[in-house]
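File shown: protein28.txt. Contents: compact mmCIF, C-alpha atoms.
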```txt
# COMPACT_ATOMS: atom_id res chain seq x y z
CA MET A 1 24.69 4.51 -7.64
CA ALA A 2 21.64 2.37 -8.46
CA MET A 3 20.03 2.64 -11.87
CA GLN A 4 16.74 4.48 -11.88
CA LEU A 5 13.66 3.53 -13.85
CA ASN A 6 13.82 6.84 -15.71
CA ASP A 7 17.15 6.03 -17.39
CA SER A 8 16.50 5.70 -21.13
CA SER A 9 18.28 2.33 -21.41
CA ILE A 10 16.19 0.98 -18.53
CA LEU A 11 12.97 2.26 -20.07
CA SER A 12 13.95 0.67 -23.36
CA SER A 13 14.60 -2.69 -21.71
CA ILE A 14 11.28 -2.54 -19.86
CA ILE A 15 9.35 -1.76 -23.05
CA THR A 16 11.22 -4.64 -24.72
CA CYS A 17 9.97 -6.92 -21.92
CA VAL A 18 6.39 -5.67 -22.34
CA ASN A 19 6.61 -6.35 -26.06
CA TYR A 20 8.14 -9.80 -25.54
CA ALA A 21 5.47 -10.75 -22.97
CA ALA A 22 2.69 -9.41 -25.21
CA ILE A 23 3.86 -11.56 -28.11
CA ALA A 24 4.33 -14.62 -25.88
CA HIS A 25 0.86 -14.27 -24.33
CA LYS A 26 -0.90 -13.01 -27.49
CA ASN A 27 -3.46 -15.82 -27.71
CA GLN A 28 -4.10 -16.16 -23.98
CA ARG A 29 -7.03 -14.77 -21.99
CA ARG A 30 -7.78 -14.51 -18.29
CA LYS A 31 -10.59 -16.68 -16.95
CA ASP A 32 -12.82 -13.75 -16.01
CA PRO A 33 -16.21 -13.45 -17.77
CA ASP A 34 -14.81 -10.64 -19.97
CA LYS A 35 -11.94 -12.89 -21.11
CA THR A 36 -9.48 -10.07 -20.47
CA PRO A 37 -6.27 -10.28 -22.55
CA TYR A 38 -3.71 -12.16 -20.46
CA ILE A 39 -1.03 -9.49 -20.97
CA ASN A 40 -3.00 -7.24 -18.61
CA HIS A 41 -1.90 -9.52 -15.77
CA PRO A 42 1.92 -9.20 -16.02
CA ILE A 43 1.60 -5.47 -16.77
CA GLY A 44 -0.63 -5.15 -13.68
CA VAL A 45 1.87 -7.07 -11.54
CA ALA A 46 4.67 -4.72 -12.66
CA HIS A 47 2.43 -1.73 -11.96
CA ILE A 48 1.74 -2.93 -8.41
CA LEU A 49 5.49 -3.14 -7.82
CA ILE A 50 6.10 0.37 -9.14
CA GLU A 51 3.24 1.74 -7.01
CA ALA A 52 4.83 0.02 -4.00
CA GLY A 53 8.11 1.83 -4.57
CA VAL A 54 10.11 -0.95 -6.22
CA GLU A 55 12.78 0.63 -8.43
CA ASP A 56 14.93 -2.37 -9.33
CA PRO A 57 14.59 -2.69 -13.12
CA ALA A 58 15.28 -6.44 -13.00
CA VAL A 59 12.32 -6.96 -10.65
CA ILE A 60 10.02 -4.96 -12.93
CA GLN A 61 11.27 -6.89 -15.97
CA ALA A 62 10.80 -10.22 -14.16
CA ALA A 63 7.26 -9.19 -13.22
CA LEU A 64 6.49 -8.54 -16.87
CA LEU A 65 7.95 -11.90 -17.86
CA HIS A 66 6.96 -13.96 -14.81
CA ASP A 67 4.49 -16.26 -16.59
CA THR A 68 6.26 -16.64 -19.93
CA VAL A 69 8.22 -19.80 -19.07
CA GLU A 70 5.33 -21.36 -17.16
CA ASP A 71 2.54 -20.58 -19.63
CA THR A 72 4.13 -20.24 -23.08
CA ASP A 73 6.84 -21.99 -25.09
CA THR A 74 9.46 -19.53 -23.79
CA THR A 75 12.48 -21.09 -22.12
CA ASN A 76 14.50 -19.73 -19.25
CA GLU A 77 17.56 -19.88 -21.51
CA GLU A 78 15.84 -17.49 -23.94
CA LEU A 79 15.10 -15.08 -21.11
CA LYS A 80 18.71 -15.27 -19.93
CA GLU A 81 19.99 -14.54 -23.43
CA LEU A 82 17.56 -11.66 -24.05
CA PHE A 83 17.25 -10.08 -20.59
CA GLY A 84 20.20 -11.31 -18.56
CA SER A 85 20.79 -13.82 -15.82
CA LYS A 86 19.31 -11.71 -13.00
CA VAL A 87 15.93 -11.32 -14.71
CA ALA A 88 15.91 -14.96 -15.84
CA GLY A 89 16.86 -16.06 -12.34
CA ILE A 90 13.95 -14.20 -10.74
CA VAL A 91 11.55 -15.63 -13.32
CA ALA A 92 12.93 -19.13 -12.65
CA GLU A 93 12.30 -18.71 -8.92
CA VAL A 94 8.61 -17.86 -9.45
CA THR A 95 7.97 -20.42 -12.20
CA ASP A 96 6.04 -23.57 -11.32
CA ASP A 97 7.22 -26.89 -12.71
CA LYS A 98 4.29 -27.84 -14.97
CA SER A 99 5.44 -31.46 -15.05
CA LEU A 100 4.18 -31.76 -11.47
CA ASP A 101 0.52 -32.08 -10.58
CA LYS A 102 -1.34 -28.97 -9.48
CA GLN A 103 -1.47 -29.85 -5.76
CA GLU A 104 2.27 -30.48 -5.65
CA ARG A 105 2.99 -27.18 -7.45
CA LYS A 106 0.82 -25.35 -4.92
CA ARG A 107 2.53 -27.12 -2.00
CA LEU A 108 5.96 -26.22 -3.35
CA GLN A 109 5.00 -22.55 -3.66
CA ILE A 110 4.28 -22.54 0.08
CA VAL A 111 7.49 -24.44 0.90
CA HIS A 112 9.77 -22.29 -1.28
CA ALA A 113 8.33 -18.87 -0.46
CA ALA A 114 10.43 -18.20 2.63
CA SER A 115 13.72 -19.21 1.01
CA SER A 116 13.17 -17.22 -2.19
CA SER A 117 15.24 -14.15 -2.99
CA THR A 118 13.86 -10.75 -2.03
CA GLU A 119 13.33 -10.03 -5.73
CA ALA A 120 11.31 -13.21 -6.27
CA LYS A 121 9.29 -12.48 -3.12
CA LEU A 122 8.40 -9.06 -4.51
CA VAL A 123 7.15 -10.56 -7.77
CA LYS A 124 5.27 -13.29 -5.88
CA LEU A 125 3.58 -10.74 -3.57
CA ALA A 126 2.51 -8.53 -6.46
CA ASP A 127 1.32 -11.53 -8.48
CA LYS A 128 -0.81 -12.78 -5.60
CA LEU A 129 -2.21 -9.29 -4.96
CA TYR A 130 -3.21 -8.94 -8.60
CA ASN A 131 -4.84 -12.39 -8.64
CA LEU A 132 -6.64 -11.90 -5.34
CA ARG A 133 -7.99 -8.50 -6.42
CA ASP A 134 -9.30 -10.19 -9.57
CA LEU A 135 -10.90 -13.00 -7.55
CA ASP A 136 -12.46 -10.50 -5.17
CA ARG A 137 -13.90 -8.57 -8.12
CA VAL A 138 -15.28 -11.47 -10.15
CA THR A 139 -15.43 -15.26 -10.01
CA PRO A 140 -13.57 -16.88 -12.92
CA GLU A 141 -15.55 -19.00 -15.33
CA GLY A 142 -15.85 -22.54 -14.01
CA TRP A 143 -14.91 -21.59 -10.44
CA SER A 144 -17.18 -22.06 -7.44
CA GLU A 145 -17.16 -19.69 -4.46
CA GLU A 146 -15.55 -22.54 -2.50
CA ARG A 147 -12.65 -22.67 -4.99
CA VAL A 148 -12.19 -18.91 -4.65
CA GLU A 149 -12.09 -19.26 -0.85
CA GLU A 150 -9.56 -22.11 -1.16
CA TYR A 151 -7.36 -19.93 -3.39
CA PHE A 152 -7.44 -17.11 -0.83
CA ALA A 153 -6.49 -19.52 1.98
CA TRP A 154 -3.67 -21.06 -0.07
CA ALA A 155 -2.38 -17.63 -1.17
CA ALA A 156 -2.23 -16.54 2.49
CA LYS A 157 0.12 -19.46 3.17
CA VAL A 158 2.39 -18.52 0.26
CA ILE A 159 2.40 -14.89 1.33
CA ALA A 160 3.28 -15.85 4.92
CA GLY A 161 6.68 -16.94 3.60
CA CYS A 162 7.15 -13.60 1.85
CA ARG A 163 6.27 -11.37 4.81
CA GLY A 164 8.64 -8.54 5.63
CA THR A 165 9.46 -7.86 1.98
CA ASN A 166 7.22 -4.90 1.08
CA ALA A 167 4.92 -3.29 3.65
CA LEU A 168 2.70 -1.55 1.08
CA ILE A 169 1.89 -4.70 -0.88
CA GLU A 170 1.47 -6.72 2.30
CA SER A 171 -0.94 -4.09 3.67
CA GLU A 172 -3.05 -4.31 0.51
CA LEU A 173 -3.08 -8.10 0.78
CA ASP A 174 -4.11 -7.87 4.43
CA LYS A 175 -7.06 -5.66 3.48
CA LEU A 176 -8.28 -8.35 1.10
CA PHE A 177 -7.73 -11.09 3.66
CA LYS A 178 -9.65 -9.11 6.27
CA LYS A 179 -12.50 -8.44 3.84
CA ARG A 180 -12.63 -12.15 2.96
CA LYS A 181 -12.17 -13.22 6.60
CA VAL A 182 -9.06 -15.23 5.75
CA ILE A 183 -6.90 -16.11 8.74
CA VAL A 184 -3.30 -14.99 8.16
```

Could the structure of this file be written out as structure tokens, please?
Amino acid sequence: MAMQLNDSSILSSIITCVNYAAIAHKNQRRKDPDKTPYINHPIGVAHILIEAGVEDPAVIQAALLHDTVEDTDTTNEELKELFGSKVAGIVAEVTDDKSLDKQERKRLQIVHAASSSTEAKLVKLADKLYNLRDLDRVTPEGWSEERVEEYFAWAAKVIAGCRGTNALIESELDKLFKKRKVIV
């Protein structure tokens, strides 16, 4: 029998992830004009997954932690020690290698999307949906409309490799793509 999100030990581990992510991202802000606290992003990604019917606690935990290795001084080894190899493995799959230049990181996201685990695809889909909703709502500081359009087009290519993973999230993404006239 699969563990359910309402099990007290699962809830405890999820709150521990929220707390860990909040501490890791404490000084970070989103690039929107309101400079929203960054922690809203991983919490929002996890929320999208729960709304889409995802009940695997490791996927929810990985969503909460998905940017910690990439954007803070957290290591994947720390995540493995604190949250287990499954959670750390999902996070590793969705983490960009910051030693590479931005264009190469973006290219690799497209290339690796199709071969990622189902769990990583779920996190990637929810992450892109959250980011695209944000971009549709408001242009980040320092971004042109052309850069926003380029992000939508690039995200569509990443998402193409994740198709068939979660119909609800994919439907929400398609609504945004249709609104923005992005070819998918």

Which residue of A:Ser99, A:Thr72, A:Thr165, A:Asn19 approaches Ile43 of chain A most closely, using all atoms listed in the file: A:Asn19

Pick from A:Leu82, A:Asn40, A:Ile50, A:Glu172, whichever lies nearest to Tyr20 of chain A using all atoms listed in the file: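 Of the candidates, the smallest distance to Tyr20 of chain A is held by A:Leu82.
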
Polymer residues at most 8 Å from Ala113 of chain A, all atoms listed in the file, same-chain spacing of 4 or more positions, as a list in words: Gln109, Lys121, Val158, Ile159, Ala160, Gly161 and Cys162 of chain A

Residue with smallest distance to His47 of chain A - pool A:Glu78, A:Asp127, A:Glu119, A:Asp96, counting all atoms listed in the file: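 Of the candidates, the smallest distance to His47 of chain A is held by A:Asp127.
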
Option closest in space to Asn76 of chain A, from A:Glu104, A:Glu93, A:Glu170, A:Asp7 [counting all atoms listed in the file]: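 Of the candidates, the smallest distance to Asn76 of chain A is held by A:Glu93.
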
Cut-off 7 Å around (1.2, -10.9, -3.4) with all atoms listed in the file: residues as an NGL selection string: :A and (124-129 or 159 or 169 or 173)

7 Å contact set for segment 89-91 of chain A, only C-alpha atoms, chain neighbours under 4 positions out, as a list of chain:residue names: A:Ala62, A:Leu65, A:His66, A:Ser85, A:Thr95, A:Glu119, A:Ala120

Pick from A:Thr74, A:Leu122, A:His112, A:Tyr38 nearest to Val59 of chain A, counting all atoms listed in the file: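 Nearest to Val59 of chain A: A:Leu122.
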
12 Å contact set for Ile15 of chain A, only C-alpha atoms, chain neighbours under 4 positions out, as number ranges by chain: A: 5, 8-11, 19-22, 43, 46, 57, 60-61, 64-65, 83

Nearest residue to Asn131 of chain A from the set A:Gly44, A:His25, A:Glu146, A:Ser171 (distances using all atoms listed in the file):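 The closest residue to Asn131 of chain A is A:Gly44.
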
Distance in Å - atom CA of Pro140 of chain A versus atom CA of Lys106 of chain A: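 Atom CA of Pro140 of chain A sits 18.5 Å away from atom CA of Lys106 of chain A.
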
Kindly list the centre and edge lengths in Å, rounded to one decimal, for the axis-aligned box that covers all listed atoms of segment 107-116 of chain A plus 6 Å on each of its six sides, as JSON.
```
{"center_x": 8.1, "center_y": -22.2, "center_z": -0.5, "size_x": 23.2, "size_y": 21.9, "size_z": 18.3}
```

Atomic separation - atom CA of Gly53 of chain A relative to atom CA of Lys86 of chain A, Å: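 A separation of 19.5 Å between them.
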
Shell of 10 Å around Lys35 of chain A, all atoms listed in the file, local chain residues under 4 positions omitted, as a list in words: Gln28, Arg29, Arg30, Lys31, Pro140 and Glu141 of chain A

Interatomic distance (Å, one decimal) between atom CA of Val138 of chain A and atom CA of Pro33 of chain A: 7.9 Å
